[in-house]
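One structure is given here, and the rest of the page talks about it.
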Amino acid sequence: MKKIQLTLVQIDNYGPWTVSPKPRLEADLQVLQAELLAELERQFGKRGALVFPTRFDNFLAITNGVSLNGHKEIMRAVNEKFPVTVSMGVGAAQTPYKAQVHATMALQKAGSSQSPKRRGVLVGEPIEKATGKWVQIAHMDVNHSTLFTDSKPIYETHMLIQRTHLALMSSLLERDALVFYTGGDNFMAASNGVGAEDLTKIFLEVKQELGVELKAGVGCARTAVRAAQLASEELHNIRKGSAKGNISFKQED
C-alpha cells in the first residue's frame, strides 16, 4: 500500500516567547520566521523532502524517505541555530490530508504548542518500507497572470491570487489534497489520489467563480523533491505547447 508521509514542524512555546520579557519587534520576528523556513528547507531538501509554511510558526513537510533519525538530525541542526526550538510530528496515510491529521494528533498528544515544558519533541510513525513510499505533487499556475501584473494595481493582483489559492484549497481539500502557495502565480498541491478528471473539474469551477484559468503539471515519485521536479517539467512542457491540454502527468521510471 503506497503512502505519503507528512511532518508537522511547530515552533515550541512561540506565542509566549514573542512577548517575553516584552513584545519583540515585528521586524525581528519576520526575519526569524523567514530564516527558519530557509533552514528547514535546506535541511529537509537535501534529504529529498519539501517544506511549506502554513502559519509561519507551523510548517508542513512532505518527508517520504526521511527516517526518524533523519528528523532528529534536522531538529538538532535547527534547534542549535535559533533562539527558539521546534518539535515535529510525523504521520503517513494514503492521502495527504489524513497523513497531516496523524502528524498533528501525534504532536498534540506530546503537549501544547504553548507549553514551556515541550521542547524539541519528535513523535509519530514514518513509513518503514521503501516500496510503500509515494508522492504525487501538482504544480499549478495561472494562465497569463503577467497581464494582471502589468495592467492592475499590484494589491488587486495579490488579492486575485489569494482568492485563487483559497478556491483551490477548498476544492482540493474535498479530495484529501493539500495546496500551498509558492510565490508569483504558482501553487503546489500534495495530491495523492487526485486524477486528471478531478483537476479538470476543479479548474472549471475556479474559472467560473473567479474568471481565472489554470494549468498543472503533475509529478509522481518516491520523494517530494523528485515529484515536484517532474511536475515542474510537465508544467513547462504545457507552457511551451509540447504537452497536450492544460493538465499533464509524469511518473518516475
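Residue numbering restarts at 1 for every chain of the C-alpha cells, chains are lettered A, B, ... in their displayed order, and ligands are numbered from 1 as they appear.
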Identify, on the basis of only C-alpha atoms, every residue whose closest approach to Ala216 (chain A) does not exceed 9 Å; exclude the query and any residue fewer than 6 positions from it along the same chain; express the result as a short mmCIF file (atom, residue, chain, number, x, y, z; two decimals) with N, CA and C atoms, in the first residue's frame.
data_model
loop_
_atom_site.label_atom_id
_atom_site.label_comp_id
_atom_site.auth_asym_id
_atom_site.auth_seq_id
_atom_site.Cartn_x
_atom_site.Cartn_y
_atom_site.Cartn_z
N ALA A 138 1.12 18.28 -7.63
CA ALA A 138 0.64 19.07 -8.76
C ALA A 138 1.21 20.48 -8.65
N HIS A 139 1.88 20.92 -9.69
CA HIS A 139 2.40 22.28 -9.77
C HIS A 139 1.46 23.06 -10.69
N MET A 140 0.73 24.00 -10.11
CA MET A 140 -0.31 24.74 -10.83
C MET A 140 0.08 26.21 -10.95
N ASP A 141 -0.33 26.82 -12.08
CA ASP A 141 -0.18 28.27 -12.16
C ASP A 141 -1.33 28.88 -12.95
N LEU A 199 -8.91 17.37 -11.38
CA LEU A 199 -8.29 18.68 -11.62
C LEU A 199 -9.05 19.46 -12.69
N ALA A 231 6.80 17.48 -11.83
CA ALA A 231 5.62 18.34 -12.01
C ALA A 231 6.00 19.64 -12.70
N SER A 232 7.11 20.24 -12.29
CA SER A 232 7.56 21.49 -12.89
C SER A 232 7.97 21.31 -14.35
N GLU A 234 6.69 19.10 -16.41
CA GLU A 234 5.47 18.95 -17.19
C GLU A 234 4.75 20.28 -17.35
N LEU A 235 4.76 21.11 -16.31
CA LEU A 235 4.15 22.44 -16.42
C LEU A 235 4.89 23.26 -17.48
N ILE A 238 3.77 22.22 -20.88
CA ILE A 238 2.47 22.81 -21.22
C ILE A 238 2.66 24.24 -21.71
N ASN A 246 -4.22 21.25 -20.68
CA ASN A 246 -3.73 22.11 -19.60
C ASN A 246 -3.36 21.32 -18.35
N ILE A 247 -3.39 19.98 -18.44
CA ILE A 247 -3.01 19.12 -17.32
C ILE A 247 -2.18 17.97 -17.89
N SER A 248 -1.00 17.75 -17.31
CA SER A 248 -0.13 16.69 -17.81
C SER A 248 0.55 15.99 -16.65
N PHE A 249 0.53 14.66 -16.68
CA PHE A 249 1.13 13.84 -15.63
C PHE A 249 2.46 13.25 -16.11
#
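When only C-alpha atoms are used to compute distances to Ile11 (chain A), the closest of the residues A:Met88, A:Ile154, A:Ala38, A:Leu173 turns out to be A:Met88.
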Residues of region 6-220 of chain A in strand (DSSP E), written as a ChimeraX atom specification
/A:6-11,50-53,58-62,86-93,122-124,135-142,178-183,186-190,214-220
Residue selection dump (N, CA and C atoms) as a short mmCIF file (atom, residue, chain, number, x, y, z; two decimals), in the first residue's frame:
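That gives us part-v5.cif:
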data_model
loop_
_atom_site.label_atom_id
_atom_site.label_comp_id
_atom_site.auth_asym_id
_atom_site.auth_seq_id
_atom_site.Cartn_x
_atom_site.Cartn_y
_atom_site.Cartn_z
N LEU A 6 3.89 12.96 5.89
CA LEU A 6 3.98 14.39 6.18
C LEU A 6 4.49 14.61 7.59
N THR A 7 5.22 15.69 7.76
CA THR A 7 5.76 16.07 9.06
C THR A 7 5.28 17.47 9.42
N LEU A 8 4.69 17.59 10.59
CA LEU A 8 4.33 18.90 11.13
C LEU A 8 5.50 19.41 11.95
N VAL A 9 6.03 20.57 11.56
CA VAL A 9 7.11 21.22 12.30
C VAL A 9 6.50 22.43 13.00
N GLN A 10 6.63 22.47 14.31
CA GLN A 10 5.97 23.51 15.10
C GLN A 10 6.97 24.16 16.06
N ILE A 11 6.99 25.50 16.05
CA ILE A 11 7.85 26.20 17.00
C ILE A 11 7.30 26.01 18.41
N LEU A 50 10.29 18.32 1.01
CA LEU A 50 9.91 19.71 0.74
C LEU A 50 9.12 20.26 1.92
N VAL A 51 9.38 21.53 2.26
CA VAL A 51 8.71 22.19 3.38
C VAL A 51 7.84 23.33 2.85
N PHE A 52 6.65 23.46 3.41
CA PHE A 52 5.75 24.56 3.06
C PHE A 52 5.28 25.24 4.34
N PRO A 53 5.27 26.57 4.39
CA PRO A 53 4.76 27.26 5.58
C PRO A 53 3.24 27.21 5.61
N ASN A 58 4.13 27.29 12.16
CA ASN A 58 3.86 25.89 11.84
C ASN A 58 4.21 25.66 10.37
N PHE A 59 4.86 24.54 10.09
CA PHE A 59 5.24 24.20 8.73
C PHE A 59 4.85 22.75 8.47
N LEU A 60 4.47 22.46 7.23
CA LEU A 60 4.20 21.08 6.83
C LEU A 60 5.23 20.66 5.79
N ALA A 61 5.84 19.51 6.03
CA ALA A 61 6.85 18.99 5.10
C ALA A 61 6.39 17.65 4.56
N ILE A 62 6.62 17.44 3.26
CA ILE A 62 6.39 16.13 2.65
C ILE A 62 7.70 15.38 2.76
N VAL A 86 12.08 23.73 17.83
CA VAL A 86 10.93 23.18 17.13
C VAL A 86 10.70 21.74 17.57
N SER A 87 9.45 21.32 17.51
CA SER A 87 9.08 19.92 17.70
C SER A 87 8.47 19.41 16.41
N MET A 88 8.46 18.09 16.24
CA MET A 88 7.96 17.51 15.00
C MET A 88 7.05 16.32 15.26
N GLY A 89 5.99 16.23 14.48
CA GLY A 89 5.12 15.07 14.47
C GLY A 89 5.10 14.50 13.07
N VAL A 90 5.24 13.17 12.95
CA VAL A 90 5.30 12.50 11.66
C VAL A 90 4.07 11.62 11.48
N GLY A 91 3.46 11.69 10.30
CA GLY A 91 2.30 10.85 10.01
C GLY A 91 2.32 10.37 8.58
N ALA A 92 1.69 9.24 8.33
CA ALA A 92 1.64 8.68 6.98
C ALA A 92 0.25 8.11 6.72
N ALA A 93 -0.20 8.22 5.48
CA ALA A 93 -1.51 7.70 5.09
C ALA A 93 -1.56 7.65 3.57
N LEU A 122 10.05 14.79 19.21
CA LEU A 122 9.85 14.12 17.93
C LEU A 122 8.98 12.90 18.16
N VAL A 123 7.80 12.88 17.52
CA VAL A 123 6.85 11.78 17.72
C VAL A 123 6.25 11.37 16.38
N GLY A 124 5.61 10.20 16.36
CA GLY A 124 4.93 9.74 15.15
C GLY A 124 5.59 8.52 14.55
N VAL A 135 4.73 9.85 -3.64
CA VAL A 135 4.32 11.26 -3.57
C VAL A 135 3.80 11.71 -4.92
N GLN A 136 2.64 12.33 -4.90
CA GLN A 136 2.12 12.98 -6.11
C GLN A 136 1.98 14.47 -5.82
N ILE A 137 2.62 15.28 -6.65
CA ILE A 137 2.58 16.74 -6.48
C ILE A 137 2.09 17.38 -7.76
N ALA A 138 1.12 18.28 -7.63
CA ALA A 138 0.64 19.07 -8.76
C ALA A 138 1.21 20.48 -8.65
N HIS A 139 1.88 20.92 -9.69
CA HIS A 139 2.40 22.28 -9.77
C HIS A 139 1.46 23.06 -10.69
N MET A 140 0.73 24.00 -10.11
CA MET A 140 -0.31 24.74 -10.83
C MET A 140 0.08 26.21 -10.95
N ASP A 141 -0.33 26.82 -12.08
CA ASP A 141 -0.18 28.27 -12.16
C ASP A 141 -1.33 28.88 -12.95
N VAL A 142 -1.41 30.21 -12.88
CA VAL A 142 -2.48 30.96 -13.52
C VAL A 142 -2.06 31.35 -14.92
N LEU A 178 -3.74 18.76 -0.25
CA LEU A 178 -3.33 19.98 0.44
C LEU A 178 -2.62 20.90 -0.54
N VAL A 179 -3.02 22.18 -0.56
CA VAL A 179 -2.47 23.15 -1.51
C VAL A 179 -1.67 24.22 -0.77
N PHE A 180 -0.53 24.59 -1.34
CA PHE A 180 0.34 25.61 -0.75
C PHE A 180 0.71 26.63 -1.82
N TYR A 181 0.72 27.89 -1.43
CA TYR A 181 1.15 28.98 -2.32
C TYR A 181 2.67 29.02 -2.31
N THR A 182 3.28 29.06 -3.50
CA THR A 182 4.74 29.01 -3.59
C THR A 182 5.34 30.25 -4.24
N GLY A 183 4.54 31.31 -4.37
CA GLY A 183 5.07 32.56 -4.90
C GLY A 183 4.63 32.83 -6.32
N ASN A 186 2.03 30.77 -8.58
CA ASN A 186 2.25 29.32 -8.50
C ASN A 186 1.73 28.71 -7.21
N PHE A 187 1.22 27.49 -7.36
CA PHE A 187 0.73 26.72 -6.22
C PHE A 187 1.22 25.29 -6.38
N MET A 188 1.49 24.63 -5.26
CA MET A 188 1.81 23.21 -5.29
C MET A 188 0.86 22.47 -4.36
N ALA A 189 0.41 21.31 -4.84
CA ALA A 189 -0.51 20.50 -4.04
C ALA A 189 0.05 19.11 -3.86
N ALA A 190 0.06 18.66 -2.60
CA ALA A 190 0.27 17.25 -2.32
C ALA A 190 -1.05 16.59 -2.67
N LEU A 214 -6.37 27.98 -15.21
CA LEU A 214 -5.22 27.33 -14.59
C LEU A 214 -4.71 26.19 -15.45
N LYS A 215 -3.45 25.86 -15.22
CA LYS A 215 -2.85 24.67 -15.83
C LYS A 215 -2.01 23.98 -14.77
N ALA A 216 -1.69 22.70 -14.99
CA ALA A 216 -0.95 21.95 -13.96
C ALA A 216 -0.10 20.85 -14.57
N GLY A 217 1.15 20.79 -14.11
CA GLY A 217 1.98 19.63 -14.32
C GLY A 217 1.94 18.79 -13.06
N VAL A 218 1.81 17.49 -13.20
CA VAL A 218 1.70 16.61 -12.04
C VAL A 218 2.81 15.58 -12.08
N GLY A 219 3.58 15.51 -10.99
CA GLY A 219 4.69 14.56 -10.91
C GLY A 219 4.44 13.51 -9.85
N CYS A 220 4.86 12.28 -10.14
CA CYS A 220 4.68 11.16 -9.20
C CYS A 220 6.03 10.47 -9.01
#
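Reported to one decimal place, the separation of CA of Thr95 (chain A) from CA of Ala77 (chain A) is 29.4 Å.
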Option closest in space to Ser115 (chain A), from A:Ser170, A:Thr164, A:Asn13, A:Ser242 [counting only C-alpha atoms]
A:Asn13
Skipping near chain neighbours, those fewer than 2 positions away, what residues fall within 12 Å of His158 (chain A) using only C-alpha atoms, listed as number ranges by chain?
A: 145, 148-149, 152-156, 160-165, 181, 183-185
Helix (DSSP H, G or I) per DSSP on the backbone: members of region 14-219 of chain A, as a ChimeraX atom specification:
/A:14-18,26-45,68-81,96-109,130-132,145-151,154-173,196-210
Test item: residues at most 12 Å from region 26-30 of chain A, only C-alpha atoms, excluding those fewer than 5 positions along its chain, as a PDB file with C-alpha atoms, in the first residue's frame:
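Dumped everything to selection.pdb:
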ATOM      1  CA  TYR A  14       6.265  30.578  20.260  1.00  0.00           C
ATOM      2  CA  GLY A  15       3.375  32.820  21.328  1.00  0.00           C
ATOM      3  CA  TRP A  17       8.225  33.778  23.577  1.00  0.00           C
ATOM      4  CA  THR A  18       7.237  36.644  21.234  1.00  0.00           C
ATOM      5  CA  VAL A  19       6.096  38.773  24.207  1.00  0.00           C
ATOM      6  CA  GLU A  35      15.343  32.315   8.239  1.00  0.00           C
ATOM      7  CA  LEU A  36      13.757  29.340   9.999  1.00  0.00           C
ATOM      8  CA  LEU A  37      11.839  28.410   6.848  1.00  0.00           C
ATOM      9  CA  ARG A  55       1.189  29.985   9.669  1.00  0.00           C
ATOM     10  CA  PHE A  56       4.980  30.528   9.796  1.00  0.00           C
ATOM     11  CA  ASP A  57       5.082  29.168  13.339  1.00  0.00           C
ATOM     12  CA  PHE A  82      17.874  29.517  16.564  1.00  0.00           C
ATOM     13  CA  PRO A  83      16.701  31.163  19.804  1.00  0.00           C
ATOM     14  CA  VAL A  84      13.548  29.009  19.609  1.00  0.00           C
TER      15      VAL A  84
END
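For the set A:Gly48, A:Pro116, A:Lys2, A:Ser20, the residue with the smallest atom-to-atom gap to Gln229 (chain A) is A:Gly48, counting only C-alpha atoms.
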Counting only C-alpha atoms, which residue out of A:Ala34, A:Met105, A:Ala227, A:Ala177 sits closest to Ala49 (chain A)?
A:Ala227
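Minimum distance to Gln94 (chain A) across A:Lys133, A:Lys72, A:Arg24, A:Arg239 (counting only C-alpha atoms) occurs at A:Lys133.
Nearest-residue note for Ser171 (chain A): choosing from A:Asp150, A:Lys98, A:Val206, A:Met159, the minimum distance belongs to A:Val206, counting only C-alpha atoms.
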Students should find that CA of Ala228 (chain A) and CA of Arg47 (chain A) are spaced 13.9 Å
